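See below for query-v7.cif, which holds mmCIF, C-alpha atoms.
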data_model
loop_
_atom_site.label_atom_id
_atom_site.label_comp_id
_atom_site.auth_asym_id
_atom_site.auth_seq_id
_atom_site.Cartn_x
_atom_site.Cartn_y
_atom_site.Cartn_z
CA MET S 1 -28.11 -8.83 -64.79
CA ALA S 2 -27.51 -5.18 -65.72
CA ARG S 3 -29.16 -4.13 -62.46
CA LEU S 4 -26.91 -6.43 -60.44
CA VAL S 5 -23.82 -5.11 -62.19
CA GLY S 6 -24.98 -1.55 -61.59
CA GLU S 7 -25.46 -2.20 -57.88
CA ALA S 8 -22.06 -3.84 -57.59
CA GLN S 9 -20.24 -1.20 -59.64
CA PRO S 10 -19.21 1.05 -56.70
CA LEU S 11 -17.83 -1.94 -54.79
CA LEU S 12 -15.94 -3.23 -57.84
CA GLU S 13 -14.46 0.21 -58.48
CA ALA S 14 -13.41 0.48 -54.82
CA ILE S 15 -11.72 -2.94 -55.00
CA VAL S 16 -9.85 -1.96 -58.17
CA ALA S 17 -8.71 1.32 -56.58
CA LEU S 18 -7.58 -0.50 -53.46
CA SER S 19 -5.76 -3.25 -55.38
CA THR S 20 -3.82 -0.78 -57.52
CA ALA S 21 -3.18 1.93 -54.91
CA PRO S 22 0.43 2.94 -54.18
CA LEU S 23 1.59 2.10 -50.66
CA ALA S 24 1.34 5.72 -49.56
CA THR S 25 -2.38 5.92 -50.42
CA THR S 26 -3.48 2.47 -49.23
CA ALA S 27 -5.12 3.75 -46.04
CA GLN S 28 -7.05 6.45 -47.91
CA ARG S 29 -8.30 3.96 -50.52
CA LEU S 30 -9.28 1.42 -47.85
CA ARG S 31 -11.15 4.08 -45.88
CA GLU S 32 -13.06 5.13 -48.99
CA ALA S 33 -13.92 1.50 -49.77
CA THR S 34 -15.18 0.76 -46.24
CA LEU S 35 -17.21 3.95 -45.65
CA PRO S 36 -20.42 2.37 -47.02
CA TYR S 37 -20.10 -0.34 -44.34
CA VAL S 38 -18.60 1.40 -41.33
CA GLY S 39 -17.75 5.07 -40.86
CA SER S 40 -14.84 6.38 -38.82
CA SER S 41 -13.11 9.63 -38.00
CA ALA S 42 -9.68 8.14 -38.75
CA MET S 43 -8.09 4.91 -39.98
CA VAL S 44 -4.62 3.64 -39.12
CA ILE S 45 -2.87 0.63 -40.66
CA PHE S 46 0.12 -0.74 -38.75
CA THR S 47 2.26 -3.26 -40.63
CA GLU S 48 5.79 -4.34 -39.86
CA ASP S 49 6.35 -5.38 -43.49
CA CYS S 50 7.17 -1.71 -44.14
CA THR S 51 10.24 -1.12 -42.02
CA GLY S 52 10.57 2.53 -43.02
CA ARG S 53 6.98 3.68 -42.48
CA PRO S 54 4.98 1.01 -40.65
CA GLN S 55 1.98 3.34 -40.23
CA LYS S 56 -0.40 4.23 -43.05
CA LYS S 57 -3.11 6.70 -42.06
CA ALA S 58 -6.16 8.57 -43.33
CA GLY S 59 -8.83 10.78 -41.77
CA ASP S 60 -8.82 13.29 -38.91
CA GLU S 61 -5.45 15.06 -38.92
CA SER S 62 -5.54 15.64 -35.15
CA ILE S 63 -5.51 11.86 -34.66
CA ILE S 64 -3.31 10.53 -37.46
CA SER S 65 -0.57 13.13 -36.95
CA ARG S 66 -0.15 12.13 -33.28
CA VAL S 67 -0.80 8.38 -33.15
CA SER S 68 2.17 6.44 -31.73
CA ILE S 69 3.51 2.92 -32.04
CA ALA S 70 3.04 2.45 -28.29
CA GLU S 71 -0.69 3.24 -28.64
CA LEU S 72 -1.04 0.79 -31.51
CA ASP S 73 0.80 -1.90 -29.56
CA HIS S 74 -1.64 -1.41 -26.67
CA ILE S 75 -4.60 -1.83 -29.04
CA ARG S 76 -3.01 -4.94 -30.53
CA ALA S 77 -2.65 -6.38 -27.02
CA SER S 78 -6.37 -5.75 -26.43
CA LEU S 79 -7.15 -7.48 -29.72
CA ARG S 80 -5.08 -10.51 -28.73
CA GLY S 81 -6.83 -10.57 -25.37
CA ALA S 82 -10.17 -10.70 -27.17
CA ASP S 83 -8.89 -13.58 -29.31
CA SER S 84 -8.00 -15.55 -26.18
CA GLY S 85 -11.38 -14.83 -24.59
CA GLU S 86 -10.09 -12.49 -21.90
CA ASP S 87 -12.13 -9.48 -23.08
CA ALA S 88 -14.37 -9.66 -26.13
CA GLY S 89 -15.32 -5.98 -25.99
CA THR S 90 -18.77 -4.44 -26.02
CA GLY S 91 -20.90 -2.30 -28.29
CA SER S 92 -23.41 -2.54 -31.11
CA TRP S 93 -20.73 -3.29 -33.68
CA GLN S 94 -19.96 -6.99 -33.47
CA VAL S 95 -16.94 -8.53 -35.19
CA THR S 96 -16.82 -12.30 -35.20
CA SER S 97 -13.56 -14.18 -34.69
CA TRP S 98 -11.63 -14.66 -37.94
CA GLN S 99 -7.87 -14.96 -38.50
CA GLY S 100 -7.15 -12.94 -35.39
CA GLY S 101 -10.71 -11.62 -35.04
CA GLY S 102 -11.69 -8.14 -33.99
CA TRP S 103 -12.02 -6.03 -30.87
CA GLN S 104 -14.06 -2.96 -30.02
CA GLY S 105 -13.56 -0.78 -26.98
CA GLU S 106 -12.04 2.50 -25.83
CA ALA S 107 -8.34 3.16 -26.30
CA VAL S 108 -5.93 6.08 -26.47
CA LEU S 109 -5.23 7.06 -30.07
CA GLY S 110 -3.37 10.25 -30.94
CA GLY S 111 -3.05 11.09 -27.24
CA GLU S 112 -6.82 11.10 -26.62
CA PRO S 113 -9.31 8.34 -25.67
CA HIS S 114 -11.52 7.19 -28.54
CA PRO S 115 -13.91 4.33 -29.23
CA VAL S 116 -11.94 2.08 -31.59
CA LEU S 117 -12.51 -0.97 -33.73
CA ALA S 118 -9.42 -3.12 -34.35
CA LEU S 119 -8.88 -5.99 -36.78
CA SER S 120 -5.84 -8.13 -37.47
CA SER S 121 -4.95 -9.93 -40.69
CA PRO S 122 -3.26 -13.21 -41.65
CA SER S 123 -0.05 -11.22 -42.28
CA ASN S 124 -0.20 -9.86 -38.69
CA ALA S 125 -1.02 -6.33 -39.83
CA LEU S 126 -3.32 -4.23 -37.65
CA LEU S 127 -6.26 -2.06 -38.71
CA VAL S 128 -7.63 0.52 -36.27
CA LEU S 129 -10.73 2.64 -36.87
CA ALA S 130 -11.32 5.59 -34.55
CA ASP S 131 -14.91 6.43 -33.59
CA PRO S 132 -16.45 3.60 -35.68
CA ARG S 133 -20.02 4.20 -36.84
CA PRO S 134 -21.82 1.05 -38.01
CA LEU S 135 -24.77 1.06 -40.40
CA PRO S 136 -28.01 2.36 -38.83
CA ASP S 137 -29.88 -0.86 -39.66
CA PRO S 138 -28.79 -3.64 -37.22
CA ALA S 139 -29.98 -6.27 -39.69
CA HIS S 140 -27.08 -5.37 -41.99
CA HIS S 141 -24.36 -5.38 -39.32
CA ALA S 142 -23.17 -8.94 -39.96
CA ALA S 143 -22.93 -8.44 -43.74
CA ALA S 144 -21.13 -5.12 -43.24
CA GLY S 145 -18.70 -6.79 -40.84
CA ARG S 146 -17.91 -9.49 -43.38
CA MET S 147 -17.33 -6.87 -46.09
CA LEU S 148 -15.06 -4.85 -43.80
CA ARG S 149 -12.99 -7.95 -43.06
CA TYR S 150 -12.80 -8.85 -46.76
CA LEU S 151 -11.59 -5.39 -47.81
CA TRP S 152 -9.09 -5.23 -44.95
CA THR S 153 -7.64 -8.65 -45.81
CA LEU S 154 -7.29 -7.57 -49.43
CA ALA S 155 -5.50 -4.37 -48.40
CA ALA S 156 -3.15 -6.16 -45.98
CA GLU S 157 -2.21 -8.73 -48.59
CA ARG S 158 -1.59 -6.07 -51.21
CA ILE S 159 0.71 -4.20 -48.79
CA ARG S 160 2.69 -7.39 -48.22
CA GLU S 161 2.96 -8.07 -51.95
CA LYS S 162 3.88 -4.49 -52.84
CA VAL S 163 6.67 -4.42 -50.26
CA ALA S 164 7.97 -7.78 -51.52
CA ASP S 165 8.08 -6.39 -55.07
CA ALA S 166 9.15 -2.88 -54.10
CA PRO S 167 11.44 -0.99 -56.49
CA PRO S 168 14.97 -0.05 -55.43
CA SER S 169 13.89 3.53 -54.67
CA TYR S 170 11.45 2.30 -52.03
CA LEU S 171 14.11 0.16 -50.35
CA ILE S 172 16.50 3.10 -50.22
CA GLU S 173 13.80 5.33 -48.73
CA SER S 174 12.88 2.59 -46.24
CA ARG S 175 16.46 2.32 -45.05
CA ALA S 176 16.74 6.09 -44.60
CA ALA S 177 13.47 6.27 -42.67
CA SER S 178 14.53 3.38 -40.43
CA ALA S 179 17.84 5.03 -39.61
CA GLU S 180 16.08 8.31 -38.84
CA ARG S 181 13.64 6.62 -36.47
CA VAL S 182 16.48 5.00 -34.56
CA ARG S 183 18.27 8.33 -34.27
CA VAL S 184 15.22 10.20 -33.00
CA THR S 185 14.34 7.47 -30.51
CA ALA S 186 17.90 7.36 -29.19
CA GLU S 187 17.78 11.10 -28.57
CA LEU S 188 14.47 10.79 -26.70
CA VAL S 189 15.78 7.94 -24.56
CA ASP S 190 18.94 9.83 -23.63
CA ARG S 191 17.06 13.00 -22.70
CA HIS S 192 14.16 11.51 -20.77
CA SER S 193 16.15 8.71 -19.12
CA THR S 194 18.54 11.23 -17.59
CA THR S 195 15.63 13.32 -16.31
CA LEU S 196 13.78 10.40 -14.79
CA GLU S 197 16.86 8.80 -13.26
CA THR S 198 17.74 12.13 -11.61
CA LEU S 199 14.20 12.41 -10.32
CA LEU S 200 14.36 8.93 -8.85
CA ALA S 201 17.66 9.64 -7.13
CA ALA S 202 16.27 12.81 -5.54
CA LEU S 203 13.03 11.22 -4.39
CA ARG S 204 14.83 8.27 -2.84
CA SER S 205 17.12 10.55 -0.84
CA PRO S 206 16.78 9.99 2.94
CA ALA S 207 17.11 13.75 3.39
CA LEU S 208 13.60 14.27 2.03
CA GLY S 209 10.51 14.09 4.23
CA ASP S 210 6.99 12.84 3.65
CA ASP S 211 7.64 9.19 2.87
CA ALA S 212 4.24 8.65 1.34
CA ALA S 213 4.70 11.45 -1.19
CA ARG S 214 8.17 10.24 -2.04
CA LYS S 215 6.92 6.69 -2.59
CA SER S 216 4.09 7.84 -4.85
CA ALA S 217 6.35 10.07 -6.91
CA THR S 218 8.95 7.30 -7.15
CA ASP S 219 6.37 4.84 -8.43
CA VAL S 220 5.13 7.30 -11.05
CA ALA S 221 8.64 8.13 -12.25
CA ALA S 222 9.68 4.47 -12.33
CA LYS S 223 6.63 3.58 -14.41
CA ALA S 224 7.39 6.41 -16.86
CA LEU S 225 10.99 5.22 -17.18
CA VAL S 226 9.91 1.66 -17.91
CA GLY S 227 7.42 2.91 -20.48
CA LEU S 228 10.06 4.99 -22.22
CA ARG S 229 12.54 2.14 -22.43
CA THR S 230 9.79 -0.19 -23.63
CA LEU S 231 9.03 2.25 -26.43
CA SER S 232 12.72 2.34 -27.34
CA ASP S 233 12.92 -1.46 -27.41
CA ARG S 234 9.75 -1.66 -29.48
CA THR S 235 11.08 0.83 -32.03
CA THR S 236 14.34 -1.11 -32.24
CA GLU S 237 12.40 -4.30 -32.91
CA LEU S 238 10.73 -2.65 -35.90
CA VAL S 239 14.02 -1.71 -37.54
CA GLU S 240 16.16 -4.66 -36.40
CA GLU S 241 15.67 -8.40 -36.47
CA GLN S 242 17.90 -11.11 -35.03
CA VAL S 243 19.52 -13.05 -37.86
CA ALA S 244 18.26 -16.39 -36.52
CA THR S 245 14.70 -15.05 -36.30
CA ALA S 246 14.88 -13.63 -39.83
CA PHE S 247 16.15 -16.98 -41.14
CA GLN S 248 13.35 -18.85 -39.37
CA ARG S 249 10.82 -16.58 -41.10
CA LEU S 250 12.44 -17.53 -44.41
CA ARG S 251 11.91 -21.21 -43.61
CA GLU S 252 8.24 -20.51 -42.91
CA ASP S 253 7.94 -18.64 -46.21
CA LEU S 254 9.36 -21.59 -48.16
CA LYS S 255 7.47 -24.28 -46.28
CA PRO S 256 4.66 -24.59 -48.90
CA LEU S 257 7.26 -25.11 -51.62
CA MET S 258 8.95 -27.80 -49.56
CA ASN S 259 5.63 -29.56 -48.95
CA TYR S 260 4.28 -29.63 -52.49
CA SER S 261 7.13 -29.38 -54.98
CA GLY S 262 8.93 -32.57 -54.02
CA ILE S 263 12.22 -30.60 -53.95
CA ASP S 264 14.48 -30.95 -50.94
CA VAL S 265 15.12 -27.40 -49.71
CA GLN S 266 17.96 -27.49 -47.21
CA PHE S 267 18.74 -24.72 -44.72
CA ILE S 268 22.15 -24.06 -43.21
CA GLU S 269 21.45 -22.11 -40.01
CA PRO S 270 23.27 -18.81 -39.39
CA PRO S 271 25.10 -18.22 -36.08
CA VAL S 272 22.58 -17.72 -33.30
CA ASN S 273 24.51 -14.82 -31.77
CA GLY S 274 25.18 -12.98 -35.01
CA ARG S 275 24.66 -9.25 -35.37
CA ALA S 276 21.03 -8.13 -35.66
CA LEU S 277 19.92 -7.28 -39.18
CA PRO S 278 18.36 -3.94 -40.16
CA GLY S 279 14.69 -4.54 -40.96
CA GLU S 280 15.01 -3.72 -44.67
CA VAL S 281 18.05 -6.01 -45.03
CA ALA S 282 16.23 -8.93 -43.40
CA HIS S 283 13.15 -8.33 -45.55
CA ALA S 284 15.16 -7.95 -48.77
CA ALA S 285 17.26 -11.06 -48.01
CA ARG S 286 14.15 -13.21 -47.61
CA ALA S 287 12.67 -11.83 -50.83
CA ILE S 288 15.94 -12.44 -52.70
CA VAL S 289 16.20 -16.04 -51.51
CA ARG S 290 12.54 -16.70 -52.35
CA GLY S 291 13.13 -15.31 -55.84
CA LEU S 292 16.28 -17.38 -56.35
CA VAL S 293 14.60 -20.58 -55.17
CA LEU S 294 11.65 -20.01 -57.53
CA ALA S 295 14.02 -19.29 -60.43
CA MET S 296 15.93 -22.50 -59.71
CA VAL S 297 12.75 -24.56 -59.45
CA ASP S 298 11.81 -23.46 -62.99
CA GLN S 299 14.73 -25.53 -64.30
CA SER S 300 14.09 -29.17 -65.11
CA GLY S 301 15.84 -31.82 -63.09
CA VAL S 302 16.36 -29.83 -59.87
CA ARG S 303 16.02 -32.15 -56.86
CA ARG S 304 17.84 -30.25 -54.14
CA ILE S 305 18.37 -26.57 -53.25
CA ARG S 306 20.56 -25.42 -50.39
CA THR S 307 20.37 -21.96 -48.84
CA GLN S 308 22.80 -20.61 -46.27
CA TRP S 309 23.09 -17.35 -44.35
CA ASP S 310 26.13 -16.09 -42.51
CA CYS S 311 27.24 -12.76 -41.09
CA ASP S 312 30.78 -11.36 -40.96
CA GLY S 313 29.82 -8.44 -38.71
CA GLU S 314 29.51 -6.01 -41.61
CA ASN S 315 27.57 -7.96 -44.24
CA LEU S 316 24.84 -10.55 -44.46
CA LEU S 317 26.23 -13.33 -46.66
CA VAL S 318 23.64 -15.35 -48.57
CA ASN S 319 24.37 -18.45 -50.63
CA VAL S 320 21.82 -20.41 -52.66
CA ARG S 321 22.87 -23.50 -54.65
CA ASP S 322 20.99 -26.08 -56.71
CA ASP S 323 21.87 -29.48 -58.23
CA GLY S 324 20.13 -28.83 -61.55
CA PRO S 325 21.43 -28.85 -65.11
CA GLY S 326 23.06 -25.44 -64.81
CA GLU S 327 20.57 -23.64 -67.06
CA LEU S 328 19.86 -20.67 -64.78
CA SER S 329 19.81 -17.56 -67.00
CA VAL S 330 21.41 -14.50 -65.48
CA ALA S 331 19.74 -12.35 -68.13
CA ALA S 332 16.21 -13.55 -67.29
CA PRO S 333 13.81 -10.78 -66.09
CA ASN S 334 13.33 -12.39 -62.67
CA MET S 335 17.09 -12.54 -62.08
CA ALA S 336 17.45 -8.91 -63.23
CA ARG S 337 14.85 -7.83 -60.67
CA LEU S 338 16.73 -9.65 -57.93
CA ALA S 339 19.95 -7.92 -58.96
CA GLN S 340 18.16 -4.57 -58.67
CA ARG S 341 17.07 -5.38 -55.12
CA VAL S 342 20.65 -6.21 -54.20
CA GLU S 343 21.98 -3.01 -55.78
CA ALA S 344 19.35 -0.94 -53.94
CA LEU S 345 21.00 -1.92 -50.66
CA ASP S 346 24.51 -1.30 -52.03
CA GLY S 347 25.13 -5.06 -52.12
CA SER S 348 26.67 -7.43 -54.63
CA MET S 349 25.52 -10.65 -56.32
CA SER S 350 27.57 -13.20 -58.25
CA VAL S 351 26.12 -16.10 -60.22
CA ASP S 352 28.23 -19.14 -61.09
CA VAL S 353 26.46 -21.46 -63.56
CA MET S 354 28.07 -24.84 -64.18
CA PRO S 355 26.44 -26.84 -67.02
CA GLY S 356 25.55 -30.26 -65.75
CA TRP S 357 26.37 -29.36 -62.15
CA GLY S 358 23.95 -26.60 -61.17
CA ALA S 359 24.03 -22.94 -60.21
CA ASP S 360 25.65 -21.23 -57.23
CA VAL S 361 24.52 -17.71 -56.29
CA ALA S 362 26.32 -15.61 -53.67
CA VAL S 363 24.84 -12.37 -52.34
CA SER S 364 26.43 -9.89 -49.93
CA LEU S 365 24.24 -7.23 -48.27
CA PRO S 366 25.95 -4.56 -46.12
CA LEU S 367 24.35 -4.08 -42.71
CA ASP S 368 25.20 -0.39 -42.47
CA PRO S 369 23.75 2.20 -44.88
CA PRO S 370 26.09 3.85 -47.36
CA ALA S 371 27.59 7.21 -46.52
CA HIS S 372 25.01 9.97 -46.93
CA GLN S 373 25.44 12.16 -49.96
CA LEU S 374 24.25 15.74 -49.73
CA PRO S 375 21.50 16.53 -52.24
CA ASP S 376 22.24 19.08 -54.94
CA VAL S 377 19.29 21.48 -55.01
CA THR S 378 21.20 24.74 -55.32
CA GLY S 379 19.59 25.41 -58.70
CA TRP S 380 16.21 25.84 -57.01
CA LYS S 381 17.50 28.81 -54.99
CA LEU S 382 15.49 27.83 -51.90
CA GLY S 383 15.83 29.75 -48.66
CA ASP S 384 16.96 27.89 -45.51
CA ARG S 385 13.41 27.62 -44.16
CA GLU S 386 12.03 26.55 -47.53
CA LEU S 387 14.63 23.80 -47.72
CA GLU S 388 13.65 22.58 -44.24
CA VAL S 389 9.98 22.50 -45.24
CA LEU S 390 10.78 20.62 -48.48
CA GLN S 391 12.89 18.06 -46.59
CA LEU S 392 10.05 17.36 -44.17
CA LEU S 393 7.59 17.23 -47.06
CA ALA S 394 9.79 14.72 -48.89
CA ALA S 395 9.96 12.61 -45.71
CA GLY S 396 6.18 12.24 -45.79
CA HIS S 397 5.13 14.77 -43.12
CA ARG S 398 1.82 16.61 -43.36
CA ASN S 399 1.44 20.35 -42.94
CA ARG S 400 0.53 20.17 -39.26
CA ALA S 401 3.50 17.93 -38.46
CA ILE S 402 5.84 20.25 -40.40
CA ALA S 403 4.50 23.23 -38.47
CA THR S 404 5.02 21.44 -35.16
CA LYS S 405 8.58 20.38 -35.98
CA LEU S 406 9.60 23.85 -37.15
CA HIS S 407 7.58 25.73 -34.49
CA ILE S 408 5.64 27.72 -37.07
CA THR S 409 1.96 27.95 -38.01
CA GLU S 410 0.26 25.85 -40.67
CA ASN S 411 -0.45 29.01 -42.65
CA THR S 412 3.29 29.74 -42.69
CA VAL S 413 3.91 26.19 -43.94
CA LYS S 414 1.39 26.75 -46.75
CA PHE S 415 3.09 30.04 -47.62
CA HIS S 416 6.48 28.30 -47.89
CA LEU S 417 4.98 25.46 -49.94
CA ARG S 418 3.56 27.89 -52.51
CA ASN S 419 7.00 29.46 -52.90
CA ILE S 420 8.60 26.00 -53.12
CA TYR S 421 6.19 24.86 -55.86
CA ARG S 422 6.96 28.00 -57.85
CA LYS S 423 10.75 27.67 -57.48
CA VAL S 424 11.00 23.96 -58.26
CA GLY S 425 8.38 24.11 -61.04
CA ALA S 426 5.91 21.73 -59.38
CA SER S 427 2.16 21.95 -59.84
CA SER S 428 1.17 19.78 -56.86
CA ARG S 429 2.35 18.37 -53.56
CA THR S 430 2.91 14.93 -55.10
CA GLU S 431 5.01 16.37 -57.92
CA ALA S 432 7.13 18.39 -55.46
CA ILE S 433 7.79 15.25 -53.40
CA ALA S 434 8.77 13.29 -56.52
CA MET S 435 11.15 16.04 -57.63
CA ALA S 436 12.67 16.24 -54.14
CA HIS S 437 13.26 12.46 -54.11
CA SER S 438 14.82 12.52 -57.57
CA ASN S 439 17.28 15.14 -56.34
CA GLY S 440 18.32 13.20 -53.24
CA LEU S 441 16.02 14.72 -50.60
CA ARG S 442 14.53 11.98 -48.40
#

Here is the file; what I need is its structure written in the form of structure tokens.
Amino acid sequence: MARLVGEAQPLLEAIVALSTAPLATTAQRLREATLPYVGSSAMVIFTEDCTGRPQKKAGDESIISRVSIAELDHIRASLRGADSGEDAGTGSWQVTSWQGGGWQGEAVLGGEPHPVLALSSPSNALLVLADPRPLPDPAHHAAAGRMLRYLWTLAAERIREKVADAPPSYLIESRAASAERVRVTAELVDRHSTTLETLLAALRSPALGDDAARKSATDVAAKALVGLRTLSDRTTELVEEQVATAFQRLREDLKPLMNYSGIDVQFIEPPVNGRALPGEVAHAARAIVRGLVLAMVDQSGVRRIRTQWDCDGENLLVNVRDDGPGELSVAAPNMARLAQRVEALDGSMSVDVMPGWGADVAVSLPLDPPAHQLPDVTGWKLGDRELEVLQLLAAGHRNRAIATKLHITENTVKFHLRNIYRKVGASSRTEAIAMAHSNGLR
């Protein structure tokens, strides 16, 4: 028995580390846990549960600092094609079909072609391993594949749970990151669309000769324009969700409760053409309703719960009502956590408990972020460039990405970081990020 425990100890420790890892380190912990079963130069997790930072990455900096959502979408399409039998992929590493299955082939990742291994999860998250290296002994491939799938499913489920139970600070950061992504994408679309549309107009001009060259150039430019707009639409989808779609996902979330609790959960549909919801608002609203329904079910005598969403153009209006004895405790820990989620999005929640008649909870979540408040970091006496580096650091960028954005070398970034640590009194990168966040830098 002791020998068996000793052999299993590294796996058990890896599972514990993965289960308790913060969201930001999930990819690193998963990569460490899977290395005994399949090696890789880089690992990328793509999950739409995290509206602010849907990518979680570990490994080769030259890959993870450049990987794009468009590349991951292309890999996901290949994975779905393998599921439908269109292209099962080739190679010595075989992944059997399971909850979305797996796919191996060559794909562009970080701007360069790489052999990749891709797996989906029941929560529709995507795992991509660049340059996968299976165990040298083919006899162990099947067992290693099963272990890889097990660890990946555990990681994907933990991500979903952690986002559902995220603290207010995470929701605020998620909203800021989502807004920044929309802004950057809009700038790219404006700049490149104008360039490509001008190019198309020139190449289509009858004053130009060489019809064949013009046609080829037109086709190339048109394809690039379509690709750019597709990327813009895809980015928008990640940070916005139609209110009807978001409400339908809520119904799916509550379906098990409806099937097994014996309680009649009624849904009052929102307007189909209502304003699209920011991703973090849609996610938080579903989590809030789930929490309210579970709190109401804990009362005795509840037979019916009604939930309704509406939108006034500026706010998502949520109403949840039960027909119980009116014993819902506003001071209960689960209700306090829900109130924190509402406050994190600058919303409001009112609870009307009527003994003998039930409880009525109304929640209002603003669709637009609150006005940005400038951080107060004057006491740190940072130079202009140091402040720029700290802002990018606080936003989650690595040294290479910071250098690229500021058009400086990585050594210069490291020089600024040493000065920043000294001025703010931080002993590590993580501590500097925490201090930046606590002072309003996101």

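Considering the residues S:Pro134, S:Gly262, S:Gly110, S:Gly358 and counting all atoms listed in the file, S:Tyr37 has its shortest atom-to-atom contact with S:Pro134.
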
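Interatomic distance, atom CA of S:Gly313 to atom CA of S:Ala395: 29.8 Å.
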
Separation of atom CA of S:Gln242 from atom CA of S:Ser348, in Å and rounded to one decimal: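 Between these atoms lies a distance of 21.8 Å.
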
Given all atoms listed in the file as the counted atoms, nearest of S:Arg418, S:Arg251, S:Lys405, S:His437 to S:Ser65: S:Lys405

Surrounding residues of S:Leu79 excluding itself and chain neighbours under 4 positions, 7 Å, all atoms listed in the file, as a ChimeraX atom specification: /S:75,83,102-103,118

Write the selection just made, keeping C-alpha atoms, as a tab-separated table (two decimals), in the coordinates of the input?
chain	number	residue	atom	x	y	z
S	75	ILE	CA	-4.60	-1.83	-29.04
S	83	ASP	CA	-8.89	-13.58	-29.31
S	102	GLY	CA	-11.69	-8.14	-33.99
S	103	TRP	CA	-12.02	-6.03	-30.87
S	118	ALA	CA	-9.42	-3.12	-34.35

Among the residues S:Ser78, S:Asn315, S:Thr26, S:Ser41, the one that comes closest to S:Arg160 [using all atoms listed in the file]: S:Thr26

Atomic distance atom CA of S:Arg66 - atom CA of S:Thr404, expressed in Å with one decimal: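 Going from atom CA of S:Arg66 over to atom CA of S:Thr404, I get 10.8 Å.
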
Residue contacts of S:Pro271 (12 Å, all atoms listed in the file) excluding same-chain residues fewer than 2 positions away, as a PyMOL selection string: chain S and resi 242-247+268-269+273-276+308-313+316-317

I need the residues from that last selection saved to file as a PDB file, in the frame of the given file (with C-alpha atoms), if you can.
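Result file follows (again_8.pdb):
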ATOM      1  CA  GLN S 242      17.900 -11.110 -35.030  1.00  0.00           C
ATOM      2  CA  VAL S 243      19.520 -13.050 -37.860  1.00  0.00           C
ATOM      3  CA  ALA S 244      18.260 -16.390 -36.520  1.00  0.00           C
ATOM      4  CA  THR S 245      14.700 -15.050 -36.300  1.00  0.00           C
ATOM      5  CA  ALA S 246      14.880 -13.630 -39.830  1.00  0.00           C
ATOM      6  CA  PHE S 247      16.150 -16.980 -41.140  1.00  0.00           C
ATOM      7  CA  ILE S 268      22.150 -24.060 -43.210  1.00  0.00           C
ATOM      8  CA  GLU S 269      21.450 -22.110 -40.010  1.00  0.00           C
ATOM      9  CA  ASN S 273      24.510 -14.820 -31.770  1.00  0.00           C
ATOM     10  CA  GLY S 274      25.180 -12.980 -35.010  1.00  0.00           C
ATOM     11  CA  ARG S 275      24.660  -9.250 -35.370  1.00  0.00           C
ATOM     12  CA  ALA S 276      21.030  -8.130 -35.660  1.00  0.00           C
ATOM     13  CA  GLN S 308      22.800 -20.610 -46.270  1.00  0.00           C
ATOM     14  CA  TRP S 309      23.090 -17.350 -44.350  1.00  0.00           C
ATOM     15  CA  ASP S 310      26.130 -16.090 -42.510  1.00  0.00           C
ATOM     16  CA  CYS S 311      27.240 -12.760 -41.090  1.00  0.00           C
ATOM     17  CA  ASP S 312      30.780 -11.360 -40.960  1.00  0.00           C
ATOM     18  CA  GLY S 313      29.820  -8.440 -38.710  1.00  0.00           C
ATOM     19  CA  LEU S 316      24.840 -10.550 -44.460  1.00  0.00           C
ATOM     20  CA  LEU S 317      26.230 -13.330 -46.660  1.00  0.00           C
TER      21      LEU S 317
END

Under the PyMOL selection byres ((chain S and resi 18) around 12), which residues of this model are included? Write them out as a JSON list (two decimals) with C-alpha atoms, in the coordinates of the input.
[["chain", "number", "residue", "atom", "x", "y", "z"],
["S", 11, "LEU", "CA", -17.83, -1.94, -54.79],
["S", 12, "LEU", "CA", -15.94, -3.23, -57.84],
["S", 13, "GLU", "CA", -14.46, 0.21, -58.48],
["S", 14, "ALA", "CA", -13.41, 0.48, -54.82],
["S", 15, "ILE", "CA", -11.72, -2.94, -55.00],
["S", 16, "VAL", "CA", -9.85, -1.96, -58.17],
["S", 17, "ALA", "CA", -8.71, 1.32, -56.58],
["S", 19, "SER", "CA", -5.76, -3.25, -55.38],
["S", 20, "THR", "CA", -3.82, -0.78, -57.52],
["S", 21, "ALA", "CA", -3.18, 1.93, -54.91],
["S", 22, "PRO", "CA", 0.43, 2.94, -54.18],
["S", 23, "LEU", "CA", 1.59, 2.10, -50.66],
["S", 24, "ALA", "CA", 1.34, 5.72, -49.56],
["S", 25, "THR", "CA", -2.38, 5.92, -50.42],
["S", 26, "THR", "CA", -3.48, 2.47, -49.23],
["S", 27, "ALA", "CA", -5.12, 3.75, -46.04],
["S", 28, "GLN", "CA", -7.05, 6.45, -47.91],
["S", 29, "ARG", "CA", -8.30, 3.96, -50.52],
["S", 30, "LEU", "CA", -9.28, 1.42, -47.85],
["S", 31, "ARG", "CA", -11.15, 4.08, -45.88],
["S", 32, "GLU", "CA", -13.06, 5.13, -48.99],
["S", 33, "ALA", "CA", -13.92, 1.50, -49.77],
["S", 34, "THR", "CA", -15.18, 0.76, -46.24],
["S", 150, "TYR", "CA", -12.80, -8.85, -46.76],
["S", 151, "LEU", "CA", -11.59, -5.39, -47.81],
["S", 152, "TRP", "CA", -9.09, -5.23, -44.95],
["S", 153, "THR", "CA", -7.64, -8.65, -45.81],
["S", 154, "LEU", "CA", -7.29, -7.57, -49.43],
["S", 155, "ALA", "CA", -5.50, -4.37, -48.40],
["S", 156, "ALA", "CA", -3.15, -6.16, -45.98],
["S", 157, "GLU", "CA", -2.21, -8.73, -48.59],
["S", 158, "ARG", "CA", -1.59, -6.07, -51.21],
["S", 159, "ILE", "CA", 0.71, -4.20, -48.79]]
